[in-house]
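Participant: For reference, this is structure.cif, and it has mmCIF, C-alpha atoms.
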data_work
loop_
_atom_site.label_atom_id
_atom_site.label_comp_id
_atom_site.auth_asym_id
_atom_site.auth_seq_id
_atom_site.Cartn_x
_atom_site.Cartn_y
_atom_site.Cartn_z
CA MET Q 1 93.95 -6.76 4.56
CA SER Q 2 94.81 -10.41 3.98
CA GLY Q 3 98.33 -11.39 4.76
CA ALA Q 4 100.30 -14.21 3.23
CA HIS Q 5 99.00 -16.55 5.92
CA ASP Q 6 95.37 -15.67 5.21
CA ASN Q 7 96.04 -16.04 1.52
CA ARG Q 8 97.44 -19.55 2.00
CA ARG Q 9 94.53 -20.49 4.24
CA ASP Q 10 92.06 -19.17 1.68
CA ARG Q 11 93.77 -21.18 -1.05
CA GLU Q 12 93.39 -24.27 1.07
CA ARG Q 13 89.72 -23.42 1.52
CA LEU Q 14 89.28 -23.02 -2.21
CA ALA Q 15 90.96 -26.37 -2.75
CA ARG Q 16 88.57 -27.98 -0.28
CA LEU Q 17 85.65 -26.20 -1.89
CA ALA Q 18 86.74 -27.50 -5.27
CA ALA Q 19 86.48 -30.98 -3.77
CA GLY Q 20 82.95 -30.20 -2.61
CA SER Q 21 83.42 -29.17 1.02
CA ALA Q 22 80.43 -27.19 2.34
CA GLU Q 23 82.46 -26.18 5.40
CA ALA Q 24 85.02 -24.56 3.17
CA LEU Q 25 82.31 -22.45 1.54
CA ALA Q 26 81.01 -21.40 4.96
CA GLU Q 27 84.53 -20.42 6.04
CA LEU Q 28 85.08 -18.45 2.85
CA TYR Q 29 81.74 -16.74 3.35
CA ASP Q 30 82.52 -15.80 6.94
CA GLY Q 31 85.91 -14.44 5.92
CA HIS Q 32 84.92 -12.42 2.89
CA ALA Q 33 81.17 -11.77 2.80
CA ALA Q 34 81.34 -8.40 4.54
CA SER Q 35 84.08 -7.12 2.26
CA LEU Q 36 82.32 -8.42 -0.84
CA LEU Q 37 79.05 -6.87 0.29
CA ARG Q 38 80.71 -3.45 0.63
CA HIS Q 39 82.06 -3.83 -2.88
CA ALA Q 40 78.64 -4.93 -4.11
CA VAL Q 41 76.91 -2.02 -2.38
CA ALA Q 42 79.34 0.35 -4.05
CA LEU Q 43 78.24 -1.05 -7.39
CA THR Q 44 74.52 -1.48 -6.83
CA ARG Q 45 73.78 1.29 -4.29
CA CYS Q 46 71.09 -1.01 -2.99
CA ARG Q 47 71.51 -3.44 -0.13
CA ALA Q 48 69.07 -6.02 -1.49
CA ASP Q 49 70.73 -6.03 -4.91
CA ALA Q 50 74.12 -6.18 -3.25
CA GLU Q 51 73.14 -9.24 -1.24
CA ASP Q 52 71.81 -10.90 -4.39
CA LEU Q 53 75.11 -10.14 -6.10
CA VAL Q 54 77.13 -11.60 -3.24
CA GLN Q 55 74.95 -14.70 -3.21
CA THR Q 56 75.45 -15.14 -6.95
CA VAL Q 57 79.19 -14.82 -6.53
CA PHE Q 58 79.38 -17.47 -3.82
CA LEU Q 59 77.20 -19.80 -5.85
CA LYS Q 60 79.48 -19.32 -8.84
CA VAL Q 61 82.50 -20.04 -6.70
CA ALA Q 62 80.83 -23.17 -5.35
CA THR Q 63 80.27 -24.48 -8.88
CA VAL Q 64 83.59 -23.54 -10.45
CA GLY Q 65 85.21 -26.82 -9.49
CA ALA Q 66 88.79 -27.73 -10.30
CA GLU Q 67 89.72 -24.27 -11.59
CA LEU Q 68 89.71 -23.09 -8.00
CA LEU Q 69 92.92 -25.06 -7.53
CA GLY Q 70 94.68 -22.60 -9.82
CA VAL Q 71 93.62 -19.45 -7.93
CA ARG Q 72 96.66 -17.73 -6.41
CA GLN Q 73 94.95 -14.74 -4.75
CA PRO Q 74 91.54 -15.81 -3.43
CA ARG Q 75 90.61 -12.35 -2.12
CA HIS Q 76 91.36 -10.75 -5.49
CA TYR Q 77 89.56 -13.58 -7.23
CA LEU Q 78 86.37 -13.05 -5.21
CA HIS Q 79 86.33 -9.28 -5.70
CA ARG Q 80 87.02 -9.68 -9.40
CA MET Q 81 84.10 -12.07 -9.55
CA VAL Q 82 81.87 -9.46 -7.88
CA HIS Q 83 82.89 -6.96 -10.52
CA THR Q 84 82.45 -9.27 -13.51
CA THR Q 85 79.16 -10.68 -12.21
CA TRP Q 86 77.86 -7.16 -11.79
CA ILE Q 87 78.97 -6.20 -15.30
CA ASP Q 88 77.38 -9.35 -16.75
CA GLY Q 89 74.15 -8.59 -14.89
CA GLN Q 90 74.14 -5.04 -16.21
CA ARG Q 91 74.51 -6.28 -19.77
CA ARG Q 92 71.62 -8.68 -19.38
CA GLN Q 93 69.33 -6.21 -17.63
CA VAL Q 94 68.14 -4.18 -20.58
CA THR Q 95 64.78 -3.53 -19.00
CA GLY Q 96 63.22 -3.96 -15.63
CA ARG Q 97 66.17 -2.46 -13.83
CA ARG Q 98 65.52 -1.87 -10.21
CA VAL Q 99 65.84 1.72 -9.14
CA ALA Q 100 69.04 1.95 -7.17
CA GLU Q 101 68.86 5.42 -5.80
CA GLU Q 102 69.08 4.65 -2.14
CA ALA Q 103 70.94 7.63 -0.88
CA LEU Q 104 72.38 5.83 2.13
CA PHE Q 105 73.10 2.46 0.50
CA GLY Q 106 70.47 0.85 2.70
CA MET Q 107 72.62 1.46 5.75
CA ASP Q 108 70.40 0.52 8.57
CA ASP Q 109 72.80 0.75 11.45
CA GLY Q 110 75.69 2.87 12.57
CA PHE Q 111 73.85 6.16 12.37
CA GLY Q 112 72.66 5.90 15.92
CA ALA Q 113 74.94 8.70 17.00
CA HIS Q 114 73.62 12.20 16.73
CA GLY Q 115 75.36 15.44 16.13
CA ALA Q 116 77.86 16.74 13.62
CA ALA Q 117 79.71 13.44 13.22
CA ALA Q 118 76.57 11.57 12.25
CA GLU Q 119 75.56 14.36 9.87
CA ASN Q 120 78.98 14.19 8.24
CA LEU Q 121 78.61 10.46 7.73
CA ILE Q 122 75.17 10.89 6.22
CA ASP Q 123 76.51 13.60 3.93
CA ILE Q 124 79.42 11.46 2.78
CA ALA Q 125 77.12 8.48 2.19
CA ARG Q 126 74.84 10.61 0.05
CA ALA Q 127 77.79 12.09 -1.82
CA LEU Q 128 79.15 8.60 -2.47
CA ALA Q 129 75.76 7.50 -3.76
CA ARG Q 130 75.84 10.29 -6.36
CA LEU Q 131 79.21 9.25 -7.79
CA PRO Q 132 79.39 7.24 -11.01
CA GLU Q 133 79.65 3.58 -10.10
CA VAL Q 134 83.17 3.06 -11.43
CA GLN Q 135 84.43 5.95 -9.33
CA ARG Q 136 82.55 4.77 -6.27
CA GLU Q 137 83.94 1.29 -6.79
CA ALA Q 138 87.48 2.66 -6.97
CA VAL Q 139 86.98 4.62 -3.74
CA VAL Q 140 85.56 1.67 -1.84
CA LEU Q 141 88.15 -0.82 -3.07
CA HIS Q 142 91.05 1.53 -2.38
CA LEU Q 143 90.00 3.29 0.80
CA VAL Q 144 87.69 0.84 2.51
CA GLU Q 145 89.09 -2.50 1.32
CA GLY Q 146 92.71 -1.38 1.18
CA PHE Q 147 93.58 -2.53 -2.33
CA SER Q 148 96.39 -0.71 -4.12
CA PHE Q 149 95.61 1.08 -7.37
CA ARG Q 150 97.34 -1.69 -9.26
CA GLU Q 151 95.09 -4.24 -7.56
CA VAL Q 152 92.00 -2.10 -8.13
CA GLY Q 153 92.90 -1.91 -11.80
CA HIS Q 154 93.40 -5.66 -11.92
CA LEU Q 155 90.09 -6.35 -10.18
CA THR Q 156 88.08 -4.00 -12.35
CA GLY Q 157 89.79 -4.79 -15.65
CA VAL Q 158 91.46 -1.42 -16.22
CA SER Q 159 95.00 -0.09 -16.02
CA LEU Q 160 96.62 1.20 -12.86
CA PHE Q 161 96.42 4.73 -14.24
CA THR Q 162 92.72 4.49 -15.03
CA ALA Q 163 92.01 3.16 -11.54
CA ALA Q 164 93.99 6.00 -9.97
CA ALA Q 165 92.31 8.57 -12.20
CA ARG Q 166 88.87 7.27 -11.24
CA TYR Q 167 89.80 7.56 -7.59
CA ARG Q 168 91.15 11.08 -8.00
CA LEU Q 169 88.06 12.22 -9.87
CA ALA Q 170 85.85 10.68 -7.20
CA VAL Q 171 87.71 12.42 -4.39
CA LYS Q 172 87.57 15.71 -6.26
CA ARG Q 173 83.86 15.34 -6.81
CA LEU Q 174 83.23 14.32 -3.20
CA ARG Q 175 85.08 17.34 -1.92
CA GLN Q 176 83.12 19.60 -4.22
CA THR Q 177 79.87 18.00 -3.09
CA LEU Q 178 80.68 18.24 0.59
CA ARG Q 179 82.14 21.72 0.43
CA PRO Q 180 80.82 23.37 -2.70
CA ASP Q 181 82.86 26.52 -2.10
CA SER Q 182 86.19 24.75 -1.51
CA GLY Q 183 87.00 24.05 -5.18
CA ASP Q 184 90.06 21.98 -6.10
CA GLU Q 185 92.92 21.22 -3.71
CA MET R 186 88.36 19.35 4.24
CA THR R 187 91.68 17.72 3.46
CA GLN R 188 92.01 14.55 1.47
CA ALA R 189 93.07 12.65 4.59
CA GLU R 190 90.01 13.83 6.48
CA LEU R 191 87.81 12.82 3.59
CA ALA R 192 89.44 9.38 3.47
CA ASP R 193 88.91 8.93 7.22
CA LEU R 194 85.29 9.94 6.85
CA ILE R 195 84.71 7.44 4.06
CA ARG R 196 86.28 4.69 6.16
CA GLU R 197 83.99 5.58 9.05
CA VAL R 198 80.85 5.22 6.98
CA PRO R 199 78.87 2.33 8.50
CA TRP R 200 78.72 0.01 5.55
CA PRO R 201 76.00 -2.62 5.77
CA MET R 202 76.92 -6.04 7.06
CA PRO R 203 75.65 -9.23 5.43
CA SER R 204 72.43 -10.44 6.96
CA ARG R 205 72.10 -13.85 8.57
CA ASP R 206 69.54 -14.65 5.96
CA LEU R 207 72.16 -14.18 3.24
CA ARG R 208 74.48 -16.74 4.83
CA THR R 209 71.65 -19.24 5.03
CA ARG R 210 70.68 -18.55 1.43
CA VAL R 211 74.21 -19.00 0.17
CA LEU R 212 74.89 -22.21 2.05
CA THR R 213 71.50 -23.69 1.19
CA ALA R 214 71.75 -22.85 -2.49
CA ALA R 215 75.27 -24.22 -2.70
CA GLN R 216 74.20 -27.65 -1.47
CA GLY R 217 74.36 -30.27 -4.15
CA THR R 218 76.81 -28.34 -6.27
CA SER R 219 79.80 -30.36 -5.14
CA ARG R 220 81.98 -32.02 -7.72
CA THR R 221 84.52 -34.76 -7.58
CA LEU R 222 88.07 -33.77 -8.29
CA LEU R 223 90.02 -36.00 -10.66
CA TRP R 224 93.70 -36.61 -10.19
CA SER R 225 94.26 -35.08 -13.63
CA ASP R 226 92.60 -31.86 -12.39
CA ARG R 227 94.92 -31.77 -9.42
CA ILE R 228 97.93 -32.19 -11.68
CA TRP R 229 96.76 -29.70 -14.30
CA PHE R 230 96.00 -26.95 -11.79
CA SER R 231 98.91 -27.66 -9.47
CA ARG R 232 101.65 -25.09 -9.67
CA GLY R 233 104.23 -27.63 -8.50
CA TRP R 234 103.39 -30.08 -11.26
CA ARG R 235 103.36 -27.35 -13.87
CA SER R 236 106.73 -26.03 -12.72
CA ALA R 237 108.16 -29.53 -12.73
CA GLY R 238 106.86 -30.12 -16.27
CA ALA R 239 108.31 -26.85 -17.52
CA ALA R 240 111.64 -27.61 -15.85
CA ALA R 241 111.75 -31.10 -17.39
CA ALA R 242 110.98 -29.72 -20.87
CA THR R 243 113.66 -27.04 -20.51
CA ALA R 244 116.18 -29.62 -19.34
CA ALA R 245 115.36 -31.92 -22.27
CA ILE R 246 115.77 -29.09 -24.76
CA ALA R 247 119.03 -27.99 -23.14
CA ILE R 248 120.45 -31.52 -23.18
CA GLY R 249 119.43 -31.97 -26.81
CA PHE R 250 121.04 -28.67 -27.76
CA TRP R 251 124.21 -29.53 -25.90
CA ASN R 252 124.40 -32.96 -27.55
CA SER R 253 124.03 -31.57 -31.05
CA ASN R 254 126.00 -28.32 -30.93
CA GLY R 255 128.08 -28.36 -27.83
CA ARG R 256 130.17 -31.39 -28.75
CA ARG R 257 133.88 -30.82 -28.30
CA PRO R 258 135.85 -30.69 -31.53
CA THR R 259 137.98 -33.80 -31.93
CA PRO R 260 141.65 -33.05 -32.52
CA VAL R 261 142.87 -33.69 -36.03
CA PRO R 262 145.31 -36.60 -35.97
CA GLN R 263 148.75 -36.03 -37.41
CA VAL R 264 148.21 -38.78 -39.98
CA ALA R 265 145.17 -36.94 -41.32
CA GLN R 266 147.19 -33.72 -41.42
CA ALA R 267 149.88 -35.39 -43.51
CA SER R 268 147.27 -36.90 -45.82
CA ALA R 269 145.68 -33.50 -46.32
CA GLU R 270 149.05 -31.97 -47.24
CA SER R 271 149.76 -34.73 -49.73
CA VAL R 272 146.28 -34.39 -51.26
CA SER R 273 146.85 -30.67 -51.60
CA ASP R 274 150.29 -31.22 -53.23
CA VAL R 275 148.96 -33.84 -55.65
CA GLY R 276 146.06 -31.59 -56.57
CA ARG R 277 148.38 -28.67 -57.26
CA GLU R 278 150.65 -30.86 -59.44
CA LEU R 279 147.71 -32.21 -61.41
CA GLY R 280 146.24 -28.74 -61.89
CA VAL R 281 143.07 -29.47 -59.95
CA PRO R 282 141.04 -26.27 -59.41
CA GLY R 283 141.53 -24.63 -56.00
CA GLU R 284 137.92 -25.10 -54.87
CA LEU R 285 137.94 -28.80 -55.64
CA SER R 286 141.33 -29.20 -54.01
CA ALA R 287 140.12 -27.42 -50.83
CA LEU R 288 137.06 -29.63 -50.72
CA LEU R 289 139.18 -32.77 -50.93
CA VAL R 290 141.51 -31.48 -48.24
CA SER R 291 138.60 -30.66 -45.93
CA ARG R 292 137.20 -34.15 -46.47
CA THR R 293 140.51 -35.57 -45.39
CA LEU R 294 140.71 -33.41 -42.27
CA GLU R 295 137.18 -33.63 -40.95
CA PRO R 296 136.22 -36.66 -38.87
CA PRO R 297 133.61 -38.90 -40.49
CA ALA R 298 130.97 -38.24 -37.78
CA THR R 299 130.66 -34.59 -38.75
CA PHE R 300 129.96 -35.39 -42.38
CA PRO R 301 126.22 -34.92 -42.65
CA ASN R 302 125.90 -36.88 -45.86
CA GLY R 303 128.65 -39.42 -45.33
CA PRO R 304 131.98 -39.74 -47.13
CA ARG R 305 130.52 -41.18 -50.31
CA ASP R 306 128.17 -38.23 -50.75
CA ARG R 307 130.98 -35.81 -50.09
CA THR R 308 132.98 -37.45 -52.86
CA ALA R 309 130.01 -37.15 -55.16
CA ASP R 310 129.72 -33.49 -54.24
CA ALA R 311 133.37 -32.95 -55.04
CA LEU R 312 133.03 -34.67 -58.41
CA GLU R 313 130.01 -32.51 -59.19
CA VAL R 314 132.06 -29.39 -58.51
CA GLY R 315 134.72 -30.76 -60.84
CA GLU R 316 132.18 -31.43 -63.58
CA ARG R 317 130.80 -27.94 -63.28
CA ARG R 318 134.29 -26.63 -63.78
#
Could you write out this file's structure as C-alpha cells?
Facilitator:
Amino acid sequence: MSGAHDNRRDRERLARLAAGSAEALAELYDGHAASLLRHAVALTRCRADAEDLVQTVFLKVATVGAELLGVRQPRHYLHRMVHTTWIDGQRRQVTGRRVAEEALFGMDDGFGAHGAAAENLIDIARALARLPEVQREAVVLHLVEGFSFREVGHLTGVSLFTAAARYRLAVKRLRQTLRPDSGDE
Amino acid sequence: MTQAELADLIREVPWPMPSRDLRTRVLTAAQGTSRTLLWSDRIWFSRGWRSAGAAAATAAIAIGFWNSNGRRPTPVPQVAQASAESVSDVGRELGVPGELSALLVSRTLEPPATFPNGPRDRTADALEVGERR
C-alpha cells in the first residue's frame, strides 16, 4: 500500500508527466501497472482485455495535461480511471463483445506447484471468475490491493455501505462455491 | 473454511503480471502526447495558490465587515446631551408630538457620520412625520 512518501513521489511524477516527461510515465507505469492490471483482470476476466484496459488508462493519463497537477491521491486516481474506462467501454460495446469467460483469468504462471494448495488456488480462481464483476472488483480492491471499503466505494462510484455489501456478498458466494455444504457463517 | 482463510487464499492467487510488451506499447503510444504547461495552469491547479487566494478573499471580507459594522461607538459629548435635553424640553412646551420630538432628539445625539442620508435628509424626514401628523 502506498504511504505518504509514495503518494508525494507519485504526485511529483504526475506533475512531471503533465509537463510532458516520458520518464515520469515510465516510472508511474513501473509503480502501478501490476496493481492496475489486477484490477483490470477483475473487471474483464481476460488478460488480453485487461492489458488493453491498462494501456488505455496510461494513454489517458499521458494526455490529461494540467489537470494532473490537481490530483491529490495518484493511486486512487489511476484505479478510478481503470473503473471509469471499463464502464465507458462497456457502454460503447453494444455488440462484438469478446467472450470473457477465462476461468483462470489468463493466469499463466504461479500454478507450477502441484498438490492440494495448487488445487485450492485453481478453485478460488474459478470461483472468483464466476462472481459478478462488481463483487469481484470489490474483493480484489479490498483484499488484494488493500483499499478500505470507503476507498473502494470512492473508486467505484458507490457508497461505503454498497462497497462493503458487495464484498460481503462475494465472500458469501465464494464460500458457498468452494464448500457447497458449509452454508452461511 | 473461515473468512480469514478465504482471504489468505485470494491473496495467494497468482494474478497475472503485466507483460513487457505492454510496457513497450504504453510508452510508445504515449510518445508525442506531451503538452506544455502554462503558468496559469500551475497557478490554477496549485493547492498553495488556491489556499492563498481563498485566505486573501476571506481576509478582505472580514476587514470590510469589521470596517462597516465593528466600528466603536463614539461617546456622546456632553454638549450634545445638553442640546438633546433642551430640544426635548422645547418640543414638550410647544406640544410637538412624541415621535417627532424623539426623532429630533436622536438627530441631536447621533454623530453625523452614522446618518445614512445626511443631516438635511433627516430633517426632511422629521418634517414629513410632522406633516403626516
Participant: Between CA of Glu316 in chain R and CA of Val264 in chain R, what is the spacing in Å?
Facilitator: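 So the answer is 29.5 Å.
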Participant: Return as a ChimeraX atom specification the set of residues that the PyMOL selection byres ((chain Q) within 8 of (chain R)) yields on the displayed structure.
Facilitator: /Q:17-22,25-26,29,33-34,37-38,47,51,55,58-59,62-63,65-67,69-70,105-111,120-121,124-125,143-144,171,175,179
Participant: So, counting all atoms listed in the file, which residue among Q:Ala164, Q:Ile87, Q:Leu78, Q:Ala42 is closest to Val57 in chain Q?
Facilitator: Q:Leu78
Participant: Could you check how far CA of His39 in chain Q sits from CA of Ala4 in chain Q, in Å to one decimal?
Facilitator: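 About the pair CA of His39 in chain Q and CA of Ala4 in chain Q: they are 21.9 Å apart.
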Participant: Can you measure CA of Trp86 in chain Q to CA of Glu145 in chain Q for me? One decimal in Å is fine.
Facilitator: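 Calculated distance between CA of Trp86 in chain Q and CA of Glu145 in chain Q is 17.9 Å.
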Participant: May I have the residues within 10 Å of Thr85 in chain Q as a VMD selection string, using all atoms listed in the file and disregarding those fewer than 6 positions away in the same chain?
Facilitator: chain Q and resid 40 53 to 54 56 to 57 60 79 91
Participant: Take the point (95.5, -16.1, 2.4) in the file's coordinates, draw a sphere of radius 12 Å around it, and report as a list in words every protein, DNA or RNA residue with an atom inside or on it, counting all atoms listed in the file.
Facilitator: Met1, Ser2, Gly3, Ala4, His5, Asp6, Asn7, Arg8, Arg9, Asp10, Arg11, Glu12, Arg13, Leu14, Leu28, Gly31, His32, Val71, Arg72, Gln73, Pro74, Arg75, His76 and Tyr77 of chain Q
Participant: Output the selection as a PDB file, keeping the file's coordinate frame - C-alpha atoms for each residue.
Facilitator:
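Done, and the output landed in out-v2.pdb:
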ATOM      1  CA  MET Q   1      93.950  -6.760   4.560  1.00  0.00           C
ATOM      2  CA  SER Q   2      94.810 -10.410   3.980  1.00  0.00           C
ATOM      3  CA  GLY Q   3      98.330 -11.390   4.760  1.00  0.00           C
ATOM      4  CA  ALA Q   4     100.300 -14.210   3.230  1.00  0.00           C
ATOM      5  CA  HIS Q   5      99.000 -16.550   5.920  1.00  0.00           C
ATOM      6  CA  ASP Q   6      95.370 -15.670   5.210  1.00  0.00           C
ATOM      7  CA  ASN Q   7      96.040 -16.040   1.520  1.00  0.00           C
ATOM      8  CA  ARG Q   8      97.440 -19.550   2.000  1.00  0.00           C
ATOM      9  CA  ARG Q   9      94.530 -20.490   4.240  1.00  0.00           C
ATOM     10  CA  ASP Q  10      92.060 -19.170   1.680  1.00  0.00           C
ATOM     11  CA  ARG Q  11      93.770 -21.180  -1.050  1.00  0.00           C
ATOM     12  CA  GLU Q  12      93.390 -24.270   1.070  1.00  0.00           C
ATOM     13  CA  ARG Q  13      89.720 -23.420   1.520  1.00  0.00           C
ATOM     14  CA  LEU Q  14      89.280 -23.020  -2.210  1.00  0.00           C
ATOM     15  CA  LEU Q  28      85.080 -18.450   2.850  1.00  0.00           C
ATOM     16  CA  GLY Q  31      85.910 -14.440   5.920  1.00  0.00           C
ATOM     17  CA  HIS Q  32      84.920 -12.420   2.890  1.00  0.00           C
ATOM     18  CA  VAL Q  71      93.620 -19.450  -7.930  1.00  0.00           C
ATOM     19  CA  ARG Q  72      96.660 -17.730  -6.410  1.00  0.00           C
ATOM     20  CA  GLN Q  73      94.950 -14.740  -4.750  1.00  0.00           C
ATOM     21  CA  PRO Q  74      91.540 -15.810  -3.430  1.00  0.00           C
ATOM     22  CA  ARG Q  75      90.610 -12.350  -2.120  1.00  0.00           C
ATOM     23  CA  HIS Q  76      91.360 -10.750  -5.490  1.00  0.00           C
ATOM     24  CA  TYR Q  77      89.560 -13.580  -7.230  1.00  0.00           C
TER      25      TYR Q  77
END
Participant: Which residue is closest to His154 in chain Q? Choose from Q:Leu169, Q:Leu128, Q:Ala138, Q:Leu43 and count all atoms listed in the file.
Facilitator: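 The closest residue to His154 in chain Q is Q:Ala138.
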Participant: Given the PyMOL selection byres ((chain R and resi 294) around 8) and the file above, list the residues it selects as a list in words.
Facilitator: Val261, Ala265, Gln266, Ala269, Val290, Ser291, Arg292, Thr293, Glu295 and Pro296 of chain R
Participant: For the residues selected in the previous step, produce a file with C-alpha atoms as a compact mmCIF listing (two decimals), in the frame of the given file.
Facilitator:
# COMPACT_ATOMS: atom_id res chain seq x y z
CA VAL R 261 142.87 -33.69 -36.03
CA ALA R 265 145.17 -36.94 -41.32
CA GLN R 266 147.19 -33.72 -41.42
CA ALA R 269 145.68 -33.50 -46.32
CA VAL R 290 141.51 -31.48 -48.24
CA SER R 291 138.60 -30.66 -45.93
CA ARG R 292 137.20 -34.15 -46.47
CA THR R 293 140.51 -35.57 -45.39
CA GLU R 295 137.18 -33.63 -40.95
CA PRO R 296 136.22 -36.66 -38.87
